[in-house]
Amino acid sequence: MNGVFTRIFAIFWKDMLTEIRTREFVFSVLIFAILELVIFSFAFSIRANMVDMAASGILWVALTFGGVIGFNRIFAVEKENARLEGLMLCPVDRFVIYWGKLAGSFTFMLAVSVVVTPIFLILFNLPIFLPRLALIIVVATIGFAAVGTLFSAVAINIRARDIMLSVLFLPIIVPVIVAAVKATAPVLAGKPWVDILTWLQIMIAFDIIYLVVATLVFEFVVEE
Amino acid sequence: MPMNENIKASSCAIEVQGLTKSFGERFALRSIDLRVSSGEHVVIFGPNGAGKTTLVKILATLVKPSSGSVRIDDIDIHDKPAQIRHRISLVSHQTFLYDDLTVYENLKFYGKMYDVPDLEQKIRELIAWVQLESRLHNRVGTLSHGLQQRASIARSVLHDPPILLLDEPEAGLDPHSGAVIKDLLGGINSVSRTVVMTTHNLERGLELGDRVIILDGGKVVYQAAKRDIGTKDFRQVFDRYTGIGK
């Protein structure tokens with residue numbers, strides 16, 4: 001078991017080093033997400049009363065569509081120079097590769113959220129310190145990363161990879177997006193925990209389903 | 001190249017029976033039978049599309065056969081592929097290395113994936129062997145293809161695999177890197193390996209192999225021990241069997 005964690009960490013650390021040097025994931029997602037927020041902030045500044053209703057949706061649209069761009073890179077880097085074959089030759093179960101890549105996707109998406117969320121809160125004149133929002137972001141990001149990593153592997157051999165990832169990823173992730181939007185709205189409005197809890201539970205349930213299913217099917221996705 | 005006769009005479013390292021692989025309607029391999037003894041070096045020739053790479057990828061557990069059986073060190077590739085991956089390594093013209101990591105980081109990554117004991121020492125030994133000491137901390141993307149291939153050869157033997165699969169490894173290599181491959185087949189520290197190699201280079205293949213096989217249209221159309229053939233004769237045989245000379 002110790003060997004499994006060592007190898008998952010080895011893949012994760014390899015991806016971290018690559019990302020630190022290339023900044024391909026975080027940089028592209030960040031620019032896209034911030035740009036979306038800025039555009040939305042101008043659009044809604046005219047009718048300030050709409051912000052309360054739309055703000056949580058705006059945040060999750062920015063993170064979701066930004067994430068799609070980033071997830072394209074997760075396995076694309078393994079396609080170059082046949083590196084995926086190098087990984088597949090390693091004497092590990094395929095789920096180890098999935099979890100290693102998943103750890104990277106989760107960390108990159110979380111890093112993007114750490115930058116994007118305060119910008120969002122400032123642009124929409126909302127309170128900056130919202131620990132419950134941080135919890136929602138962490139739980140939703142697990143689901144995003146679980147599905148995004150799997151479909152990144154699916155899309156690797158598809159010619160129109162960029163488009164196909166969106167087509168595959170977005171319909172599957174809808175329950176998490178809806179739950180995240182619904183949970184974020186009461187947090188931004190300062191409502192109690194009870195208004196958030198059901199949506200949080202739904203997100204956690206979907207996270208577990210996605211993680212279990214993705215772990216089981218990953219082998220069939222990457223095998224020839 | 002001299003071969004370790006006592007190892008050659010020993011057990012069967014690779015046993016392929018009735019191996020067939022099809023991609024949809026197209027057959028890449030048709031009922032291949034192949035036995036490779038431990039320590040033996042088998043070189044597979046064939047024109048493009050003959051099925052050489054598919055055969056190597058099946059032996060490497062990267063591609064699943066459509067039918068037939070493949071046993072490596074008496075382990076069926078369907079049953080325990082992870083165990084087989086401990087015993088094999090693949091070197092191809094693609095290096096499997098990460099351009100944005102240094103040579104050292106790449107070797108360390110693969111060393112951890114293979115759970116190599118005493119990894120630092122092993123990396124030092126291999127880097128000295130492929131003469132990349134001065135480039136150890138250079139990013140792989142900054143190296144020439146020849147140097148990258150040397151780093152890839154070091155990667156391939158990190159876990160001391162007894163069986164080496166080489167798929168046109170010499171493509172685009174400088175003479176020194178070619179010599180490293182020859183050395184690789186000869187064995188490091190006198191450890192002789194079982195080798196299955198594909199190549200288009202008849203001279204190099206005859207030099208490195210104990211037995212040669214010609215694959216065409218997914219079938220073994222010719223095989224002979226190297227001692228039974230000369231380079232000139234083999235070129236004629238190759239042209240005849242593959243129809244290239246016609």
# chains A, B, ... in the order shown; residues from 1 in each chain; ligands from 1
>>> residues_around(residues="Gly209 (chain B)", least_positions_apart="4", cutoff="6 Å", atoms="only C-alpha atoms", output="list in words")
His41, Val42, Val43 and Gly205 of chain B
>>> residues_around(residues="region 29-41 of chain A", least_positions_apart="4", cutoff="6 Å", atoms="only C-alpha atoms", output="list of chain:residue names")
A:Ser45, A:Ala62, A:Gly66, A:Gly70, A:Val112
>>> write_last_selection(atoms="C-alpha atoms", output="short mmCIF file (atom, residue, chain, number, x, y, z; two decimals), in the first residue's frame")
data_model
loop_
_atom_site.label_atom_id
_atom_site.label_comp_id
_atom_site.auth_asym_id
_atom_site.auth_seq_id
_atom_site.Cartn_x
_atom_site.Cartn_y
_atom_site.Cartn_z
CA SER A 45 -22.78 46.72 -12.69
CA ALA A 62 -15.86 31.10 -14.58
CA GLY A 66 -11.79 27.75 -17.12
CA GLY A 70 -7.09 23.24 -18.06
CA VAL A 112 -6.83 28.80 -9.68
#
>>> interface_residues(of="chain A", to="chain B", cutoff="7 Å", atoms="only C-alpha atoms", output="PyMOL selection string")
chain A and resi 7+10+14+18+21+81-83+86+88-92+224
>>> write_last_selection(atoms="N, CA and C atoms", output="PDB file, in the first residue's frame")
ATOM      1  N   ARG A   7       4.003   5.994  -5.456  1.00  0.00           N
ATOM      2  CA  ARG A   7       3.902   6.150  -6.915  1.00  0.00           C
ATOM      3  C   ARG A   7       2.884   7.224  -7.288  1.00  0.00           C
ATOM      4  N   ALA A  10       4.672  10.299  -6.781  1.00  0.00           N
ATOM      5  CA  ALA A  10       5.691  10.499  -7.830  1.00  0.00           C
ATOM      6  C   ALA A  10       5.056  11.135  -9.072  1.00  0.00           C
ATOM      7  N   LYS A  14       5.789  14.935 -10.292  1.00  0.00           N
ATOM      8  CA  LYS A  14       6.259  15.143 -11.673  1.00  0.00           C
ATOM      9  C   LYS A  14       5.398  16.199 -12.365  1.00  0.00           C
ATOM     10  N   THR A  18       6.478  20.020 -13.603  1.00  0.00           N
ATOM     11  CA  THR A  18       6.219  20.436 -14.987  1.00  0.00           C
ATOM     12  C   THR A  18       5.390  21.719 -15.004  1.00  0.00           C
ATOM     13  N   ARG A  21       7.204  24.871 -14.029  1.00  0.00           N
ATOM     14  CA  ARG A  21       8.108  25.362 -15.087  1.00  0.00           C
ATOM     15  C   ARG A  21       7.365  25.886 -16.311  1.00  0.00           C
ATOM     16  N   ASN A  81       5.506  12.616 -27.117  1.00  0.00           N
ATOM     17  CA  ASN A  81       6.662  11.743 -26.916  1.00  0.00           C
ATOM     18  C   ASN A  81       6.268  10.367 -26.350  1.00  0.00           C
ATOM     19  N   ALA A  82       5.013   9.982 -26.550  1.00  0.00           N
ATOM     20  CA  ALA A  82       4.510   8.663 -26.113  1.00  0.00           C
ATOM     21  C   ALA A  82       4.726   8.424 -24.627  1.00  0.00           C
ATOM     22  N   ARG A  83       4.632   9.514 -23.831  1.00  0.00           N
ATOM     23  CA  ARG A  83       4.899   9.359 -22.389  1.00  0.00           C
ATOM     24  C   ARG A  83       3.858   8.490 -21.710  1.00  0.00           C
ATOM     25  N   GLY A  86       5.090   5.187 -21.628  1.00  0.00           N
ATOM     26  CA  GLY A  86       6.092   5.060 -20.568  1.00  0.00           C
ATOM     27  C   GLY A  86       5.432   4.814 -19.221  1.00  0.00           C
ATOM     28  N   MET A  88       2.381   3.588 -18.820  1.00  0.00           N
ATOM     29  CA  MET A  88       1.662   2.302 -18.879  1.00  0.00           C
ATOM     30  C   MET A  88       2.611   1.120 -18.731  1.00  0.00           C
ATOM     31  N   LEU A  89       3.877   1.343 -19.045  1.00  0.00           N
ATOM     32  CA  LEU A  89       4.865   0.270 -18.902  1.00  0.00           C
ATOM     33  C   LEU A  89       5.277   0.064 -17.446  1.00  0.00           C
ATOM     34  N   CYS A  90       4.984   1.045 -16.612  1.00  0.00           N
ATOM     35  CA  CYS A  90       5.376   0.931 -15.203  1.00  0.00           C
ATOM     36  C   CYS A  90       4.540  -0.161 -14.526  1.00  0.00           C
ATOM     37  N   PRO A  91       5.153  -0.903 -13.612  1.00  0.00           N
ATOM     38  CA  PRO A  91       4.449  -2.030 -12.988  1.00  0.00           C
ATOM     39  C   PRO A  91       3.483  -1.576 -11.898  1.00  0.00           C
ATOM     40  N   VAL A  92       2.488  -0.808 -12.309  1.00  0.00           N
ATOM     41  CA  VAL A  92       1.489  -0.312 -11.349  1.00  0.00           C
ATOM     42  C   VAL A  92       0.095  -0.548 -11.909  1.00  0.00           C
ATOM     43  N   GLU A 224      -5.506   0.148 -24.850  1.00  0.00           N
ATOM     44  CA  GLU A 224      -5.678   0.262 -26.310  1.00  0.00           C
ATOM     45  C   GLU A 224      -7.134   0.066 -26.746  1.00  0.00           C
TER      46      GLU A 224
END
>>> select_by_dssp(residues="region 42-135 of chain A", states="alpha helix (DSSP H)", output="NGL selection string")
:A and (42-45 or 51-79 or 83-88 or 94-123 or 131-135)
>>> closest_residue(among="A:Ile137, A:Ile128, A:Val96, A:Met16", to="Glu219 (chain A)", atoms="only C-alpha atoms")
A:Val96
>>> residues_around(residues="Leu126 (chain A)", least_positions_apart="6", cutoff="12 Å", atoms="only C-alpha atoms", output="JSON, numbers by chain")
{"A": [51, 52, 55, 56, 117, 118, 119, 120, 133, 185, 187, 188, 189, 190]}
>>> residues_around(residues="Phe144 (chain A)", least_positions_apart="3", cutoff="8 Å", atoms="only C-alpha atoms", output="ChimeraX atom specification")
/A:64,67,106,140-141,147-148,173,176
>>> atom_distance(atom1="CA of Leu166 (chain B)", atom2="CA of Asp93 (chain A)")
23.5 Å
>>> closest_residue(among="B:Val140, B:Leu107, B:Leu132, B:Ile213", to="Val157 (chain B)", atoms="only C-alpha atoms")
B:Leu107
